[in-house]
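Trainee: Quick one: structure below, then a few questions.
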Amino acid sequence: MICDICRSREAEVFQPHSGRKLCRKCFIEDIRERVKREAEKIGLDKGGKILLAVSGGKDSYVLADTLASFIDHDRLIAYNIVEGIHGYNRKEHVEQLKKFLDGLGIELIEDSFEKSIGYSLDEMVKSAIEKGLNVSACTFCGGFRRKLINNAGRIVNADYVATGHNLDDEVQAIIINLIRGDIIRLVRLGDKPIKLSSKFVLRVKPLRKIYEWETTMYAYYKGYNFQETECPYISMRPTLRAKVRDLLYSLESIKPGTLLNIIEEFDKIAERVRKETNLKEELPTCKICGEPTSYGREICKNCELLIRAGLLNVDSAVLQNLK
Ligand SMILES: [Zn+2]
Ligand SMILES: [Zn+2]
């Protein structure tokens, strides 16, 4: 079997959405090209500093490698957070990630929940359980990760924060927010980032049109030593996402390219909704930590979680407001 692109090397990968058989080299090139196209659409190629939010998982390796293939390395800086999950966060994973980024000429900033929030994720979850809170570990983790990543972007004066979300992640998020009817979240998932607070650094997702199986294959071909252990809190994850994921997989297998079609059509809809919805209004800031929070809130979700878990002491007036 000969590669459909170069017509010289042996094909190794079949790409169902394009119907092509590709050799290793052309496959890698195809991914880089598609990431570049997405990055150009957002303006990442034009200049500015980009903070790469990395985790040590395969997608963060692919994110750094594809961006470094066409963006000047001086404009890239990586940021990693150790959540503090027993048996999951290992020292050697950060060391491997650092070595890999060193090789690309990208500096890595190392952070942890313990250092920046005062508690590891395990400690937050333990306190929440003791207080009888029905909040999953992923709620704590996702909220604080977003906050710390944005903070880091501001500290290094980044113009963009890039995350490694792939096509599967994005389409799942689109469907979930559609089911929930969350228009603001939904529109923010479009290809053009919107800034709802001057305190936000623009978030971009250069891998948003790359299938998860493709990032896996890319990481495998490149021989990355990425973090493969599954997070022990995965069983606490909301079941809706798992159901949506299964549904999307079955649609994709019946009609390859479905996920790409969904995201492309969604981007057009998001653009129109953005034009017709007044999203100009600046988000309010949290009275405790000063970070942006949702419309109508006085205290951000993160601070509220810490208060409810008994990890942040505030006066009774604030507590009264939460009740
Ligand atoms: Zn080829
Ligand atoms: Zn807050």
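Within each chain, counting starts at residue 1; across the structure tokens, chains are named A, B, ... in the order shown, with ligands numbered 1 upward in that order.
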Using only C-alpha atoms and all ligand atoms, I'd like a table of the residues in chain A that come within 12 Å of ligand 1; for each, show the closest atom pair and its distance in Å rounded to one decimal, ordered by chain and ascending number, as a tab-separated table.

Mentor:
residue	atom	partner	partner_atom_place_in_ligand_line	distance
A:Met1	CA	ligand 1	1 (Zn)	10.8
A:Ile2	CA	ligand 1	1 (Zn)	7.7
A:Cys3	CA	ligand 1	1 (Zn)	4.5
A:Asp4	CA	ligand 1	1 (Zn)	6.5
A:Ile5	CA	ligand 1	1 (Zn)	5.0
A:Cys6	CA	ligand 1	1 (Zn)	4.0
A:Arg7	CA	ligand 1	1 (Zn)	6.2
A:Ser8	CA	ligand 1	1 (Zn)	6.5
A:Arg9	CA	ligand 1	1 (Zn)	5.4
A:Glu10	CA	ligand 1	1 (Zn)	7.2
A:Ala11	CA	ligand 1	1 (Zn)	6.7
A:Glu12	CA	ligand 1	1 (Zn)	9.1
A:Val13	CA	ligand 1	1 (Zn)	10.0
A:Phe14	CA	ligand 1	1 (Zn)	11.7
A:Arg20	CA	ligand 1	1 (Zn)	10.4
A:Lys21	CA	ligand 1	1 (Zn)	8.5
A:Leu22	CA	ligand 1	1 (Zn)	5.4
A:Cys23	CA	ligand 1	1 (Zn)	4.2
A:Arg24	CA	ligand 1	1 (Zn)	6.8
A:Lys25	CA	ligand 1	1 (Zn)	5.8
A:Cys26	CA	ligand 1	1 (Zn)	4.3
A:Phe27	CA	ligand 1	1 (Zn)	7.2
A:Ile28	CA	ligand 1	1 (Zn)	9.5
A:Glu29	CA	ligand 1	1 (Zn)	9.0
A:Asp30	CA	ligand 1	1 (Zn)	9.7

Trainee: With a cut-off of 9 Å, could you pull out the residues of chain A touching ligand 2 and give me the nearest pair of atoms for each, distance in Å to one decimal, using only C-alpha atoms and all ligand atoms, ordered by chain and ascending number, as JSON lines?

Mentor:
{"residue": "A:Thr285", "atom": "CA", "partner": "ligand 2", "partner_atom_place_in_ligand_line": "1 (Zn)", "distance": 7.8}
{"residue": "A:Cys286", "atom": "CA", "partner": "ligand 2", "partner_atom_place_in_ligand_line": "1 (Zn)", "distance": 4.6}
{"residue": "A:Lys287", "atom": "CA", "partner": "ligand 2", "partner_atom_place_in_ligand_line": "1 (Zn)", "distance": 6.6}
{"residue": "A:Ile288", "atom": "CA", "partner": "ligand 2", "partner_atom_place_in_ligand_line": "1 (Zn)", "distance": 5.0}
{"residue": "A:Cys289", "atom": "CA", "partner": "ligand 2", "partner_atom_place_in_ligand_line": "1 (Zn)", "distance": 4.0}
{"residue": "A:Gly290", "atom": "CA", "partner": "ligand 2", "partner_atom_place_in_ligand_line": "1 (Zn)", "distance": 6.0}
{"residue": "A:Glu291", "atom": "CA", "partner": "ligand 2", "partner_atom_place_in_ligand_line": "1 (Zn)", "distance": 5.8}
{"residue": "A:Pro292", "atom": "CA", "partner": "ligand 2", "partner_atom_place_in_ligand_line": "1 (Zn)", "distance": 7.8}
{"residue": "A:Thr293", "atom": "CA", "partner": "ligand 2", "partner_atom_place_in_ligand_line": "1 (Zn)", "distance": 7.5}
{"residue": "A:Glu298", "atom": "CA", "partner": "ligand 2", "partner_atom_place_in_ligand_line": "1 (Zn)", "distance": 8.6}
{"residue": "A:Ile299", "atom": "CA", "partner": "ligand 2", "partner_atom_place_in_ligand_line": "1 (Zn)", "distance": 5.4}
{"residue": "A:Cys300", "atom": "CA", "partner": "ligand 2", "partner_atom_place_in_ligand_line": "1 (Zn)", "distance": 4.2}
{"residue": "A:Lys301", "atom": "CA", "partner": "ligand 2", "partner_atom_place_in_ligand_line": "1 (Zn)", "distance": 6.8}
{"residue": "A:Asn302", "atom": "CA", "partner": "ligand 2", "partner_atom_place_in_ligand_line": "1 (Zn)", "distance": 5.7}
{"residue": "A:Cys303", "atom": "CA", "partner": "ligand 2", "partner_atom_place_in_ligand_line": "1 (Zn)", "distance": 4.3}
{"residue": "A:Glu304", "atom": "CA", "partner": "ligand 2", "partner_atom_place_in_ligand_line": "1 (Zn)", "distance": 7.2}

Trainee: I'd like to know which of A:Ala270, A:Val94, A:Thr229, A:Glu38 is closest to Ile184 (chain A), using only C-alpha atoms.

Mentor: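 Of the candidates, the smallest distance to Ile184 (chain A) is held by A:Ala270.
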
Trainee: Do you have the CA of Ser55 (chain A)-CA of Gln227 (chain A) distance handy?

Mentor: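 Straight-line distance from CA of Ser55 (chain A) to CA of Gln227 (chain A) works out to 8.4 Å.
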
Trainee: Quick one: DSSP strand (DSSP E or B) residues in region 117-316 of chain A, as an MDAnalysis selection string?

Mentor: chainID A and resid 160:163 202:204 285 292

Trainee: Can you spit out the residues from that selection as a PDB file, in the first residue's frame, using N, CA and C atoms?

Mentor:
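And here is the file that came out, again.pdb:
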ATOM      1  N   TYR A 160      -1.698  34.936  24.544  1.00  0.00           N
ATOM      2  CA  TYR A 160      -2.609  33.797  24.390  1.00  0.00           C
ATOM      3  C   TYR A 160      -2.243  32.711  25.391  1.00  0.00           C
ATOM      4  N   VAL A 161      -3.267  31.952  25.781  1.00  0.00           N
ATOM      5  CA  VAL A 161      -3.025  30.721  26.523  1.00  0.00           C
ATOM      6  C   VAL A 161      -3.513  29.617  25.594  1.00  0.00           C
ATOM      7  N   ALA A 162      -2.636  28.667  25.254  1.00  0.00           N
ATOM      8  CA  ALA A 162      -3.046  27.583  24.364  1.00  0.00           C
ATOM      9  C   ALA A 162      -3.188  26.290  25.152  1.00  0.00           C
ATOM     10  N   THR A 163      -4.325  25.612  24.964  1.00  0.00           N
ATOM     11  CA  THR A 163      -4.516  24.331  25.640  1.00  0.00           C
ATOM     12  C   THR A 163      -4.561  23.211  24.596  1.00  0.00           C
ATOM     13  N   LEU A 202      -6.520  35.559  26.390  1.00  0.00           N
ATOM     14  CA  LEU A 202      -7.268  34.830  25.362  1.00  0.00           C
ATOM     15  C   LEU A 202      -6.897  33.356  25.341  1.00  0.00           C
ATOM     16  N   ARG A 203      -7.902  32.487  25.410  1.00  0.00           N
ATOM     17  CA  ARG A 203      -7.643  31.044  25.388  1.00  0.00           C
ATOM     18  C   ARG A 203      -7.836  30.499  23.984  1.00  0.00           C
ATOM     19  N   VAL A 204      -6.856  29.777  23.493  1.00  0.00           N
ATOM     20  CA  VAL A 204      -6.968  29.208  22.148  1.00  0.00           C
ATOM     21  C   VAL A 204      -6.677  27.715  22.194  1.00  0.00           C
ATOM     22  N   THR A 285     -16.041  40.747  39.170  1.00  0.00           N
ATOM     23  CA  THR A 285     -14.902  40.083  39.802  1.00  0.00           C
ATOM     24  C   THR A 285     -15.285  39.585  41.193  1.00  0.00           C
ATOM     25  N   PRO A 292     -12.143  37.111  37.705  1.00  0.00           N
ATOM     26  CA  PRO A 292     -13.455  37.196  37.061  1.00  0.00           C
ATOM     27  C   PRO A 292     -14.363  36.028  37.473  1.00  0.00           C
TER      28      PRO A 292
END

Trainee: Please provide as a ChimeraX atom specification all residues within 12 Å of Lys192 (chain A), with the sequence filter that same-chain residues fewer than 3 positions apart are discarded (counting only C-alpha atoms).

Mentor: /A:38-44,187-189,195,202-206,208,266-272,274-275

Trainee: Given the selection you just returned, output its residues as a file containing N, CA and C atoms, formatted as a compact mmCIF listing (two decimals), in the first residue's frame.

Mentor:
# COMPACT_ATOMS: atom_id res chain seq x y z
N GLU A 38 -5.33 26.24 11.69
CA GLU A 38 -6.18 26.69 12.79
C GLU A 38 -5.51 27.85 13.52
N ALA A 39 -4.19 27.73 13.74
CA ALA A 39 -3.44 28.77 14.45
C ALA A 39 -3.45 30.08 13.66
N GLU A 40 -3.36 29.97 12.34
CA GLU A 40 -3.37 31.17 11.50
C GLU A 40 -4.71 31.87 11.57
N LYS A 41 -5.76 31.07 11.67
CA LYS A 41 -7.09 31.63 11.73
C LYS A 41 -7.25 32.51 12.98
N ILE A 42 -6.60 32.08 14.08
CA ILE A 42 -6.68 32.83 15.33
C ILE A 42 -5.66 33.96 15.35
N GLY A 43 -4.66 33.90 14.46
CA GLY A 43 -3.64 34.95 14.41
C GLY A 43 -2.38 34.62 15.21
N LEU A 44 -2.25 33.35 15.61
CA LEU A 44 -1.09 32.95 16.41
C LEU A 44 0.23 33.10 15.66
N VAL A 187 -20.95 29.72 23.00
CA VAL A 187 -20.35 30.65 22.04
C VAL A 187 -18.85 30.78 22.26
N ARG A 188 -18.43 30.63 23.51
CA ARG A 188 -17.00 30.72 23.80
C ARG A 188 -16.23 29.52 23.25
N LEU A 189 -16.96 28.49 22.85
CA LEU A 189 -16.30 27.31 22.27
C LEU A 189 -16.01 27.50 20.78
N LYS A 195 -13.11 37.59 24.75
CA LYS A 195 -12.58 37.97 26.05
C LYS A 195 -13.67 38.69 26.82
N LEU A 202 -6.52 35.56 26.39
CA LEU A 202 -7.27 34.83 25.36
C LEU A 202 -6.90 33.36 25.34
N ARG A 203 -7.90 32.49 25.41
CA ARG A 203 -7.64 31.04 25.39
C ARG A 203 -7.84 30.50 23.98
N VAL A 204 -6.86 29.78 23.49
CA VAL A 204 -6.97 29.21 22.15
C VAL A 204 -6.68 27.71 22.19
N LYS A 205 -7.24 27.00 21.21
CA LYS A 205 -7.10 25.55 21.18
C LYS A 205 -6.64 25.09 19.80
N PRO A 206 -5.35 25.15 19.54
CA PRO A 206 -4.86 24.84 18.19
C PRO A 206 -5.14 23.41 17.72
N ARG A 208 -7.97 21.82 18.10
CA ARG A 208 -9.42 21.57 18.15
C ARG A 208 -9.99 20.87 16.92
N PHE A 266 -20.67 24.30 13.66
CA PHE A 266 -20.83 25.01 14.93
C PHE A 266 -20.11 26.37 14.90
N ASP A 267 -18.90 26.39 14.33
CA ASP A 267 -18.15 27.65 14.27
C ASP A 267 -18.93 28.73 13.52
N LYS A 268 -19.63 28.32 12.48
CA LYS A 268 -20.42 29.29 11.71
C LYS A 268 -21.59 29.80 12.55
N ILE A 269 -22.24 28.87 13.27
CA ILE A 269 -23.37 29.27 14.11
C ILE A 269 -22.87 30.19 15.23
N ALA A 270 -21.75 29.81 15.85
CA ALA A 270 -21.19 30.60 16.97
C ALA A 270 -20.91 32.03 16.53
N GLU A 271 -20.38 32.15 15.31
CA GLU A 271 -20.06 33.47 14.76
C GLU A 271 -21.31 34.34 14.68
N ARG A 272 -22.40 33.72 14.20
CA ARG A 272 -23.65 34.49 14.08
C ARG A 272 -24.23 34.84 15.42
N ARG A 274 -22.62 35.19 18.17
CA ARG A 274 -21.74 36.18 18.76
C ARG A 274 -22.10 37.58 18.30
N LYS A 275 -22.43 37.68 17.01
CA LYS A 275 -22.78 38.99 16.45
C LYS A 275 -24.10 39.50 17.00

Trainee: Fewer than 3 positions away in the same chain doesn't count, so skip those; otherwise give me all residues within 12 Å of Gln96 (chain A), counting only C-alpha atoms, as a PDB file with N, CA and C atoms, in the first residue's frame.

Mentor:
ATOM      1  N   SER A  55       0.139  19.277  30.466  1.00  0.00           N
ATOM      2  CA  SER A  55      -0.209  18.430  31.601  1.00  0.00           C
ATOM      3  C   SER A  55       0.696  17.206  31.678  1.00  0.00           C
ATOM      4  N   GLY A  56       1.437  16.970  30.613  1.00  0.00           N
ATOM      5  CA  GLY A  56       2.245  15.753  30.586  1.00  0.00           C
ATOM      6  C   GLY A  56       1.525  14.625  29.847  1.00  0.00           C
ATOM      7  N   GLY A  57       0.264  14.852  29.490  1.00  0.00           N
ATOM      8  CA  GLY A  57      -0.480  13.876  28.703  1.00  0.00           C
ATOM      9  C   GLY A  57      -0.087  14.003  27.233  1.00  0.00           C
ATOM     10  N   TYR A  61       2.086  17.098  24.598  1.00  0.00           N
ATOM     11  CA  TYR A  61       3.295  16.880  23.801  1.00  0.00           C
ATOM     12  C   TYR A  61       3.035  17.266  22.342  1.00  0.00           C
ATOM     13  N   ARG A  90       3.458  12.045  39.277  1.00  0.00           N
ATOM     14  CA  ARG A  90       4.775  11.502  39.612  1.00  0.00           C
ATOM     15  C   ARG A  90       5.840  12.468  39.159  1.00  0.00           C
ATOM     16  N   LYS A  91       6.880  12.509  39.972  1.00  0.00           N
ATOM     17  CA  LYS A  91       7.996  13.399  39.684  1.00  0.00           C
ATOM     18  C   LYS A  91       8.570  13.158  38.294  1.00  0.00           C
ATOM     19  N   GLU A  92       8.693  11.868  37.928  1.00  0.00           N
ATOM     20  CA  GLU A  92       9.359  11.568  36.645  1.00  0.00           C
ATOM     21  C   GLU A  92       8.555  12.072  35.441  1.00  0.00           C
ATOM     22  N   HIS A  93       7.238  12.210  35.609  1.00  0.00           N
ATOM     23  CA  HIS A  93       6.443  12.722  34.482  1.00  0.00           C
ATOM     24  C   HIS A  93       6.809  14.173  34.172  1.00  0.00           C
ATOM     25  N   LYS A  99      12.309  17.678  29.957  1.00  0.00           N
ATOM     26  CA  LYS A  99      13.372  17.279  29.034  1.00  0.00           C
ATOM     27  C   LYS A  99      12.912  17.454  27.584  1.00  0.00           C
ATOM     28  N   PHE A 100      11.677  17.030  27.339  1.00  0.00           N
ATOM     29  CA  PHE A 100      11.107  17.141  25.998  1.00  0.00           C
ATOM     30  C   PHE A 100      11.013  18.608  25.571  1.00  0.00           C
ATOM     31  N   LEU A 101      10.508  19.462  26.457  1.00  0.00           N
ATOM     32  CA  LEU A 101      10.359  20.880  26.132  1.00  0.00           C
ATOM     33  C   LEU A 101      11.724  21.549  25.959  1.00  0.00           C
ATOM     34  N   ASP A 102      12.686  21.140  26.786  1.00  0.00           N
ATOM     35  CA  ASP A 102      14.063  21.627  26.646  1.00  0.00           C
ATOM     36  C   ASP A 102      14.561  21.385  25.233  1.00  0.00           C
ATOM     37  N   GLY A 103      14.284  20.185  24.749  1.00  0.00           N
ATOM     38  CA  GLY A 103      14.714  19.793  23.404  1.00  0.00           C
ATOM     39  C   GLY A 103      14.107  20.696  22.322  1.00  0.00           C
ATOM     40  N   LEU A 108       9.865  25.686  30.810  1.00  0.00           N
ATOM     41  CA  LEU A 108       8.702  25.172  31.535  1.00  0.00           C
ATOM     42  C   LEU A 108       8.586  25.827  32.908  1.00  0.00           C
ATOM     43  N   TYR A 224       6.864   9.631  22.204  1.00  0.00           N
ATOM     44  CA  TYR A 224       6.820  10.408  23.444  1.00  0.00           C
ATOM     45  C   TYR A 224       6.585   9.512  24.643  1.00  0.00           C
ATOM     46  N   ASN A 225       7.249   9.891  25.729  1.00  0.00           N
ATOM     47  CA  ASN A 225       7.108   9.182  26.980  1.00  0.00           C
ATOM     48  C   ASN A 225       6.060   9.879  27.828  1.00  0.00           C
ATOM     49  N   PHE A 226       4.843   9.901  27.350  1.00  0.00           N
ATOM     50  CA  PHE A 226       3.844  10.721  28.053  1.00  0.00           C
ATOM     51  C   PHE A 226       3.176   9.986  29.212  1.00  0.00           C
ATOM     52  N   GLN A 227       2.487  10.759  30.031  1.00  0.00           N
ATOM     53  CA  GLN A 227       1.753  10.240  31.183  1.00  0.00           C
ATOM     54  C   GLN A 227       0.562   9.434  30.684  1.00  0.00           C
TER      55      GLN A 227
END

Trainee: Which is closer to Ile129 (chain A) than all the others in A:Gly143, A:Gly310, A:Asp315, A:Ala173, using only C-alpha atoms?

Mentor: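 The closest residue to Ile129 (chain A) is A:Gly310.
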
Trainee: Just the number, please: distance in Å from CA of Ala152 (chain A) to CA of Ile183 (chain A), one decimal.

Mentor: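 One can read the CA of Ala152 (chain A) to CA of Ile183 (chain A) distance as 27.3 Å.
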
Trainee: Have a look at A:Leu247, A:Tyr220, A:Trp213, A:Pro232 and name the one nearest to Gly87 (chain A); count only C-alpha atoms.

Mentor: A:Pro232

Trainee: Pick out the closest residue to Glu83 (chain A) from this set: A:Ala68, A:Cys231, A:Leu104, A:Leu63. Count only C-alpha atoms.

Mentor: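 Ranked by minimum distance to Glu83 (chain A), first place goes to A:Cys231.
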
Trainee: Neighbours of Val125 (chain A) within 12 Å (only C-alpha atoms; same-chain residues fewer than 5 positions away dropped), as a count of residues only?

Mentor: 26

Trainee: If DSSP is run on the backbone, what residues of region 100-142 of chain A are alpha helix (DSSP H)? A reply as a PyMOL selection string would be ideal.

Mentor: chain A and resi 100-104+113-116+121-130+137-142

Trainee: Can you work out which one of A:Leu312, A:Arg297, A:Val171, A:Ile179 has the shortest atom-to-atom distance to Asp246 (chain A), counting only C-alpha atoms?

Mentor: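 Among the listed residues, A:Val171 lies closest to Asp246 (chain A).
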